[in-house]
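*Asks:* File coords_0.pdb below, PDB, C-alpha atoms:
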ATOM      1  CA  MET I   9      15.228  -6.471  -8.400
ATOM      2  CA  THR I  10      17.678  -3.648  -7.721
ATOM      3  CA  THR I  11      18.057  -2.785  -4.061
ATOM      4  CA  GLU I  12      20.964  -0.337  -4.153
ATOM      5  CA  THR I  13      20.615   3.272  -5.315
ATOM      6  CA  GLU I  14      23.603   5.613  -5.040
ATOM      7  CA  ASN I  15      25.211   3.239  -2.515
ATOM      8  CA  ARG I  16      22.155   3.234  -0.255
ATOM      9  CA  PRO I  17      19.184   0.911   0.119
ATOM     10  CA  LEU I  18      16.262   1.382  -2.241
ATOM     11  CA  ARG I  19      13.454   3.333  -0.564
ATOM     12  CA  VAL I  20       9.886   2.121  -1.048
ATOM     13  CA  LEU I  21       6.798   4.004   0.151
ATOM     14  CA  GLY I  22       3.373   2.361   0.125
ATOM     15  CA  VAL I  23       0.365   4.668   0.447
ATOM     16  CA  PHE I  24      -2.971   2.956   1.112
ATOM     17  CA  ALA I  25      -6.437   3.722   2.446
ATOM     18  CA  HIS I  26      -6.930   1.135   5.207
ATOM     19  CA  PRO I  27      -5.029  -1.195   7.496
ATOM     20  CA  ASP I  28      -4.672  -4.475   5.536
ATOM     21  CA  ASP I  29      -4.814  -2.843   2.046
ATOM     22  CA  ALA I  30      -1.065  -3.170   1.557
ATOM     23  CA  MET I  31      -1.179  -6.825   2.547
ATOM     24  CA  PHE I  32      -4.169  -7.811   0.418
ATOM     25  CA  PHE I  33      -3.305  -5.834  -2.698
ATOM     26  CA  CYS I  34       0.459  -6.292  -2.946
ATOM     27  CA  GLY I  35       1.884  -7.710   0.276
ATOM     28  CA  ALA I  36       4.041 -10.307  -1.441
ATOM     29  CA  THR I  37       5.715  -7.691  -3.655
ATOM     30  CA  LEU I  38       6.331  -5.334  -0.745
ATOM     31  CA  ALA I  39       7.814  -8.269   1.184
ATOM     32  CA  LEU I  40      10.106  -9.063  -1.764
ATOM     33  CA  PHE I  41      11.490  -5.543  -1.779
ATOM     34  CA  ALA I  42      12.077  -5.703   1.984
ATOM     35  CA  MET I  43      13.684  -9.157   1.715
ATOM     36  CA  ASP I  44      16.096  -7.756  -0.858
ATOM     37  CA  GLY I  45      17.170  -4.901   1.393
ATOM     38  CA  ALA I  46      14.807  -2.047   0.550
ATOM     39  CA  GLU I  47      13.673   0.377   3.249
ATOM     40  CA  LEU I  48       9.900  -0.024   3.283
ATOM     41  CA  THR I  49       7.498   2.519   4.801
ATOM     42  CA  LEU I  50       3.723   2.091   4.861
ATOM     43  CA  VAL I  51       1.410   5.101   5.049
ATOM     44  CA  VAL I  52      -2.224   4.363   5.939
ATOM     45  CA  ALA I  53      -4.708   7.181   5.404
ATOM     46  CA  THR I  54      -7.437   5.851   7.713
ATOM     47  CA  SER I  55      -7.329   3.576  10.723
ATOM     48  CA  GLY I  56     -10.275   1.483   9.591
ATOM     49  CA  ASP I  57     -12.619   2.821  12.270
ATOM     50  CA  LYS I  58     -15.787   1.603  10.520
ATOM     51  CA  GLY I  59     -14.713  -1.953   9.674
ATOM     52  CA  SER I  60     -16.631  -4.065  12.189
ATOM     53  CA  ASP I  61     -20.057  -5.704  12.468
ATOM     54  CA  ASP I  62     -19.605  -6.308  16.220
ATOM     55  CA  LEU I  63     -22.504  -4.587  17.981
ATOM     56  CA  GLU I  64     -20.316  -3.951  21.034
ATOM     57  CA  MET I  65     -17.462  -2.356  19.070
ATOM     58  CA  THR I  66     -16.778   1.378  19.077
ATOM     59  CA  SER I  67     -14.803   3.310  16.486
ATOM     60  CA  GLU I  68     -12.300   4.393  19.141
ATOM     61  CA  ARG I  69     -11.593   0.822  20.205
ATOM     62  CA  LEU I  70     -11.451  -0.355  16.624
ATOM     63  CA  VAL I  71      -8.788   2.232  15.800
ATOM     64  CA  GLU I  72      -6.599   0.835  18.580
ATOM     65  CA  ILE I  73      -7.108  -2.729  17.374
ATOM     66  CA  ARG I  74      -6.554  -2.077  13.702
ATOM     67  CA  GLU I  75      -3.514   0.147  14.165
ATOM     68  CA  ALA I  76      -1.907  -2.544  16.329
ATOM     69  CA  GLU I  77      -2.763  -5.178  13.723
ATOM     70  CA  GLU I  78      -1.285  -3.063  10.929
ATOM     71  CA  ARG I  79       1.943  -2.435  12.828
ATOM     72  CA  ALA I  80       2.343  -6.170  13.399
ATOM     73  CA  ALA I  81       1.457  -6.967   9.786
ATOM     74  CA  GLY I  82       3.859  -4.306   8.525
ATOM     75  CA  ALA I  83       6.626  -5.792  10.657
ATOM     76  CA  ALA I  84       5.852  -9.207   9.174
ATOM     77  CA  LEU I  85       6.336  -7.760   5.686
ATOM     78  CA  GLY I  86       9.595  -6.133   6.749
ATOM     79  CA  ALA I  87       8.397  -2.521   6.941
ATOM     80  CA  LYS I  88      10.720  -0.122   8.710
ATOM     81  CA  ASP I  89       7.890   2.268   9.617
ATOM     82  CA  VAL I  90       4.078   2.399   9.586
ATOM     83  CA  VAL I  91       2.459   5.857   9.610
ATOM     84  CA  PHE I  92      -1.253   6.582  10.167
ATOM     85  CA  LEU I  93      -2.774   9.800   8.830
ATOM     86  CA  ARG I  94      -6.024   9.133  10.757
ATOM     87  CA  TYR I  95      -8.585  10.326   8.258
ATOM     88  CA  LYS I  96     -12.097   8.944   8.787
ATOM     89  CA  ASP I  97     -12.737   5.508   7.331
ATOM     90  CA  GLY I  98     -15.332   5.566   4.549
ATOM     91  CA  GLU I  99     -15.040   9.349   4.181
ATOM     92  CA  LEU I 100     -11.728   9.617   2.327
ATOM     93  CA  ALA I 101     -11.648  12.066  -0.580
ATOM     94  CA  PRO I 102      -8.777  13.269  -2.794
ATOM     95  CA  THR I 103      -8.678  16.650  -1.089
ATOM     96  CA  LEU I 104      -5.837  19.120  -1.042
ATOM     97  CA  ASP I 105      -5.338  18.342   2.655
ATOM     98  CA  LEU I 106      -4.852  14.640   1.937
ATOM     99  CA  ARG I 107      -2.497  15.421  -0.930
ATOM    100  CA  ARG I 108      -0.521  17.740   1.361
ATOM    101  CA  ASP I 109      -0.115  14.984   3.957
ATOM    102  CA  ILE I 110       1.060  12.490   1.331
ATOM    103  CA  VAL I 111       3.467  15.050  -0.127
ATOM    104  CA  ARG I 112       4.892  15.515   3.360
ATOM    105  CA  MET I 113       5.555  11.778   3.606
ATOM    106  CA  ILE I 114       7.165  11.692   0.153
ATOM    107  CA  ARG I 115       9.430  14.598   0.998
ATOM    108  CA  MET I 116      10.243  13.102   4.395
ATOM    109  CA  LYS I 117      10.945   9.522   3.253
ATOM    110  CA  LYS I 118      12.330  10.368  -0.218
ATOM    111  CA  PRO I 119      11.214   7.129  -1.891
ATOM    112  CA  ASP I 120      12.543   5.797  -5.166
ATOM    113  CA  ILE I 121       9.310   3.820  -5.634
ATOM    114  CA  VAL I 122       5.755   4.618  -4.516
ATOM    115  CA  PHE I 123       3.012   1.972  -4.309
ATOM    116  CA  THR I 124      -0.665   2.904  -4.298
ATOM    117  CA  LEU I 125      -4.075   1.831  -5.649
ATOM    118  CA  ASP I 126      -5.861   2.426  -8.954
ATOM    119  CA  PRO I 127      -8.183   5.472  -8.819
ATOM    120  CA  THR I 128      -9.987   4.389 -12.002
ATOM    121  CA  VAL I 129     -11.403   1.094 -10.708
ATOM    122  CA  PHE I 130     -15.074   1.298  -9.699
ATOM    123  CA  TRP I 131     -15.926  -2.413  -9.852
ATOM    124  CA  TYR I 132     -14.418  -5.879 -10.304
ATOM    125  CA  GLY I 133     -16.315  -7.490 -13.166
ATOM    126  CA  THR I 134     -19.718  -8.486 -11.848
ATOM    127  CA  GLY I 135     -18.397  -9.715  -8.510
ATOM    128  CA  GLY I 136     -17.591  -6.652  -6.464
ATOM    129  CA  ILE I 137     -17.522  -2.865  -6.049
ATOM    130  CA  ASN I 138     -14.265  -1.116  -5.255
ATOM    131  CA  HIS I 139     -14.225   0.786  -1.965
ATOM    132  CA  PRO I 140     -14.409   4.553  -2.622
ATOM    133  CA  ASP I 141     -11.523   5.098  -0.192
ATOM    134  CA  HIS I 142      -9.323   2.992  -2.502
ATOM    135  CA  ARG I 143     -10.058   5.288  -5.424
ATOM    136  CA  ALA I 144      -9.513   8.381  -3.308
ATOM    137  CA  ILE I 145      -6.101   7.307  -2.025
ATOM    138  CA  GLY I 146      -4.961   6.400  -5.532
ATOM    139  CA  GLU I 147      -5.984   9.763  -6.953
ATOM    140  CA  ALA I 148      -4.446  11.744  -4.088
ATOM    141  CA  THR I 149      -1.200   9.760  -4.157
ATOM    142  CA  LEU I 150      -0.680  10.083  -7.904
ATOM    143  CA  ALA I 151      -1.246  13.832  -7.640
ATOM    144  CA  ALA I 152       1.181  13.993  -4.718
ATOM    145  CA  VAL I 153       3.869  12.131  -6.656
ATOM    146  CA  PHE I 154       3.439  14.230  -9.789
ATOM    147  CA  PRO I 155       3.799  17.085  -9.847
ATOM    148  CA  THR I 156       3.224  18.256  -6.288
ATOM    149  CA  ALA I 157       6.058  16.688  -4.259
ATOM    150  CA  ARG I 158       8.510  17.387  -7.066
ATOM    151  CA  ASP I 159       7.955  21.144  -7.274
ATOM    152  CA  ARG I 160       9.226  23.113  -4.303
ATOM    153  CA  LEU I 161       6.693  25.939  -4.712
ATOM    154  CA  ASN I 162       3.901  23.493  -3.904
ATOM    155  CA  PHE I 163       3.304  23.612  -0.139
ATOM    156  CA  PRO I 164       6.432  25.779   0.398
ATOM    157  CA  GLU I 165       5.731  25.854   4.132
ATOM    158  CA  GLN I 166       6.964  22.263   4.302
ATOM    159  CA  GLU I 167      10.432  23.429   3.288
ATOM    160  CA  ARG I 168      10.280  26.653   5.275
ATOM    161  CA  ASP I 169       8.857  25.268   8.520
ATOM    162  CA  GLU I 170       9.766  21.567   8.433
ATOM    163  CA  GLY I 171      12.967  21.486   6.395
ATOM    164  CA  LEU I 172      11.430  19.132   3.824
ATOM    165  CA  GLU I 173      12.878  19.586   0.367
ATOM    166  CA  ALA I 174      11.068  18.772  -2.865
ATOM    167  CA  HIS I 175      11.471  15.161  -3.986
ATOM    168  CA  LYS I 176      10.850  13.307  -7.235
ATOM    169  CA  ALA I 177       9.977   9.612  -7.008
ATOM    170  CA  LEU I 178      11.022   7.817 -10.184
ATOM    171  CA  THR I 179       8.642   4.840 -10.245
ATOM    172  CA  VAL I 180       5.015   4.213  -9.271
ATOM    173  CA  TYR I 181       3.522   0.737  -8.844
ATOM    174  CA  ILE I 182      -0.291   0.796  -9.055
ATOM    175  CA  ALA I 183      -1.795  -2.269  -7.383
ATOM    176  CA  GLY I 184      -5.243  -3.595  -8.196
ATOM    177  CA  ALA I 185      -4.848  -1.960 -11.604
ATOM    178  CA  ALA I 186      -7.511  -2.212 -14.276
ATOM    179  CA  ASP I 187      -4.825  -2.543 -16.959
ATOM    180  CA  PRO I 188      -1.630  -3.980 -15.454
ATOM    181  CA  THR I 189       1.625  -3.747 -17.368
ATOM    182  CA  MET I 190       3.835  -5.901 -15.126
ATOM    183  CA  THR I 191       3.519  -9.376 -13.647
ATOM    184  CA  LEU I 192       5.927 -10.065 -10.804
ATOM    185  CA  ASP I 193       6.880 -13.514  -9.538
ATOM    186  CA  VAL I 194       6.244 -13.518  -5.782
ATOM    187  CA  THR I 195       6.575 -17.234  -5.149
ATOM    188  CA  ARG I 196       9.273 -16.802  -2.524
ATOM    189  CA  SER I 197       7.268 -14.218  -0.571
ATOM    190  CA  ILE I 198       3.673 -15.436  -0.879
ATOM    191  CA  ASP I 199       3.864 -17.107   2.543
ATOM    192  CA  THR I 200       5.142 -13.861   4.050
ATOM    193  CA  LYS I 201       2.100 -12.092   2.645
ATOM    194  CA  ILE I 202      -0.152 -14.694   4.238
ATOM    195  CA  ARG I 203       1.660 -14.411   7.581
ATOM    196  CA  SER I 204       1.153 -10.656   7.529
ATOM    197  CA  LEU I 205      -2.575 -11.101   6.871
ATOM    198  CA  HIS I 206      -2.810 -13.397   9.901
ATOM    199  CA  GLU I 207      -2.231 -10.268  12.000
ATOM    200  CA  HIS I 208      -5.524  -8.759  10.802
ATOM    201  CA  LYS I 209      -7.660 -10.926  13.042
ATOM    202  CA  SER I 210     -10.418  -8.346  13.407
ATOM    203  CA  GLN I 211     -11.047  -8.438   9.664
ATOM    204  CA  ILE I 212     -10.513 -12.084   8.704
ATOM    205  CA  LYS I 213     -12.891 -14.539  10.302
ATOM    206  CA  ASP I 214     -11.684 -17.672   8.499
ATOM    207  CA  MET I 215      -7.913 -17.702   8.146
ATOM    208  CA  GLU I 216      -7.818 -21.047   6.366
ATOM    209  CA  ALA I 217     -10.257 -19.854   3.715
ATOM    210  CA  MET I 218      -8.266 -16.619   3.347
ATOM    211  CA  GLU I 219      -5.039 -18.535   2.708
ATOM    212  CA  LYS I 220      -6.725 -20.698   0.092
ATOM    213  CA  ARG I 221      -8.277 -17.690  -1.644
ATOM    214  CA  ILE I 222      -4.991 -15.743  -1.691
ATOM    215  CA  LYS I 223      -3.084 -18.611  -3.258
ATOM    216  CA  GLU I 224      -5.814 -19.375  -5.776
ATOM    217  CA  ARG I 225      -5.931 -15.763  -6.945
ATOM    218  CA  ALA I 226      -2.148 -15.423  -7.119
ATOM    219  CA  LEU I 227      -1.507 -18.753  -8.849
ATOM    220  CA  ASP I 228       0.081 -18.395 -12.283
ATOM    221  CA  PRO I 229      -2.002 -20.590 -14.620
ATOM    222  CA  THR I 230       0.959 -21.031 -16.981
ATOM    223  CA  ALA I 231       3.124 -22.734 -14.330
ATOM    224  CA  PRO I 232       3.179 -26.558 -14.127
ATOM    225  CA  SER I 233       1.017 -27.914 -11.303
ATOM    226  CA  GLN I 234       3.954 -29.644  -9.616
ATOM    227  CA  TYR I 235       5.845 -26.322  -9.467
ATOM    228  CA  PRO I 236       3.265 -23.666  -8.519
ATOM    229  CA  ARG I 237       4.218 -20.092  -9.270
ATOM    230  CA  TYR I 238       2.535 -17.117  -7.620
ATOM    231  CA  VAL I 239       2.329 -13.628  -9.123
ATOM    232  CA  GLU I 240       1.097 -10.096  -8.429
ATOM    233  CA  HIS I 241       0.160  -7.581 -11.124
ATOM    234  CA  PHE I 242       0.776  -3.841 -11.428
ATOM    235  CA  ARG I 243       0.588  -0.905 -13.740
ATOM    236  CA  VAL I 244       4.088   0.555 -13.493
ATOM    237  CA  ILE I 245       4.753   4.185 -14.359
ATOM    238  CA  GLN I 246       8.323   5.391 -14.922
ATOM    239  CA  LEU I 247       8.811   9.118 -14.393
ATOM    240  CA  ARG I 248      11.585  11.062 -16.089
TER     241      ARG I 248
END
Hey, can you dump this file as structure tokens for me?

*Replies:*
Amino acid sequence: MTTETENRPLRVLGVFAHPDDAMFFCGATLALFAMDGAELTLVVATSGDKGSDDLEMTSERLVEIREAEERAAGAALGAKDVVFLRYKDGELAPTLDLRRDIVRMIRMKKPDIVFTLDPTVFWYGTGGINHPDHRAIGEATLAAVFPTARDRLNFPEQERDEGLEAHKALTVYIAGAADPTMTLDVTRSIDTKIRSLHEHKSQIKDMEAMEKRIKERALDPTAPSQYPRYVEHFRVIQLR
């Protein structure tokens, strides 16, 4: 994994819908990049203000809790910065406003690699339905990467008023992809992923069961049982 680009650290930008998405979908890979010296930034479109079944909870209080959890979880992964766009949970759509905000982050952080989610996934076999916010963030992020952030005449006010120049990210990692093209060995960072998920106490009621489930899902079935190997899968797009 290359961590030096033009004599500077590799820059990685993860763009997700909710606090905890980065950790669940690809936390071990993000941790690997950070371990190897990359500058990691996480952008979270919503603050998860609907994600509670507690009858005493309010959306305002939940925002405070989940943003604090995400900052701690991001730090556990090695993120340099965590940014919240504060769109409404459960109401995310691939609007021009959302794309504009993601373009701003791309032009500000100038990433070499962008991580996001698969906008084409509606369900997981017969066992689950993908959250519509996950599809929305994937669609908006891919549109932001190409061609919007690259072309300076898109949202020219960002250059004029904010000094943000156009930027072309070269690689996109799509997590939770329907048709992955890359399998990455994350054995040395799987425990970091789990530690980061421990910060999301408001969302995970049974930490022991979560750890077991994460390791079962990430286990490489081709590895010998005495030497377990853990993997994460992506569709990787190289831009020219």

*Asks:* Go through I:Asp126, I:Asp214, I:Glu68, I:Asp228 and flag the residue nearest Asp187 (chain I), using only C-alpha atoms for the distances.

*Replies:*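 Nearest to Asp187 (chain I): I:Asp126.
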
*Asks:* Show which residues sit within 9 Å of Ala186 (chain I), as a PyMOL selection string. Count all atoms listed in the file, and ignore same-chain residues fewer than 6 positions away.

*Replies:* chain I and resi 126+128-129+132+242-243

*Asks:* Set the distance at 12 Å and use only C-alpha atoms: which residues neighbour Leu106 (chain I) once local chain neighbours fewer than 6 positions away are removed? I'd like the list as a VMD selection string.

*Replies:* chain I and resid 23 to 25 51 to 54 93 to 96 99 to 100 112 to 113 141 144 to 152

*Asks:* Since I can't run it myself right now, could you work out what the PyMOL selection byres ((chain I and resi 156-161) around 9) selects here and report it as a PyMOL selection string?

*Replies:* chain I and resi 107-108+110-112+114-115+151-155+162-167+173-177

*Asks:* In the coordinates of the file, take the point (0.9, -18.3, -0.4) and a cut-off of 9 Å; then, counting all atoms listed in the file, name each qualifying protein, DNA or RNA residue as a PyMOL selection string.

*Replies:* chain I and resi 36+194-203+219-220+222-224+226-227+238

*Asks:* Do you know which residues the PyMOL selection byres ((chain I and resi 191) around 9) returns on this file, as a list in words?

*Replies:* Pro188, Thr189, Met190, Leu192, Asp193, Val239, Glu240, His241, Phe242 and Arg243 of chain I

*Asks:* Which residue, I:Glu14, I:Asp105, I:Asp120, I:Glu72, has the smallest gap to Thr49 (chain I) when you use only C-alpha atoms?

*Replies:*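 Ranked by minimum distance to Thr49 (chain I), first place goes to I:Asp120.
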
*Asks:* Identify which of the residues I:Leu40, I:Thr66, I:Val180, I:Gly171 lies closest to Gly86 (chain I), counting all atoms listed in the file when measuring atom-to-atom distances.

*Replies:* I:Leu40

*Asks:* Pick out the closest residue to Leu18 (chain I) from this set: I:Met116, I:Met31, I:Leu63, I:Ile121. Count all atoms listed in the file.

*Replies:*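 For Leu18 (chain I), the nearest of the candidates is I:Ile121.
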
*Asks:* May I ask for the distance between CA of Thr37 (chain I) and CA of Ile212 (chain I), given in Å to one decimal place?

*Replies:*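 If I compute the distance from CA of Thr37 (chain I) to CA of Ile212 (chain I), I get 20.9 Å.
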
*Asks:* If you take every atom of region 55-58 of chain I that the file lists and fit an axis-aligned box around them with 4 Å extra on each side, what centre and edge lengths come out in Å to one decimal, as JSON?

*Replies:*
{"center_x": -11.6, "center_y": 2.5, "center_z": 10.9, "size_x": 16.5, "size_y": 10.1, "size_z": 10.7}

*Asks:* Between CA of Asp89 (chain I) and CA of Gly56 (chain I), what is the distance, to one decimal in Å?

*Replies:*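 According to the coordinates, CA of Asp89 (chain I) and CA of Gly56 (chain I) are separated by 18.2 Å.
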
*Asks:* Could you tell me how far CA of Met218 (chain I) sits from CA of Ala83 (chain I), in Å to one decimal place?

*Replies:*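 Distance between the two atoms: 19.8 Å.
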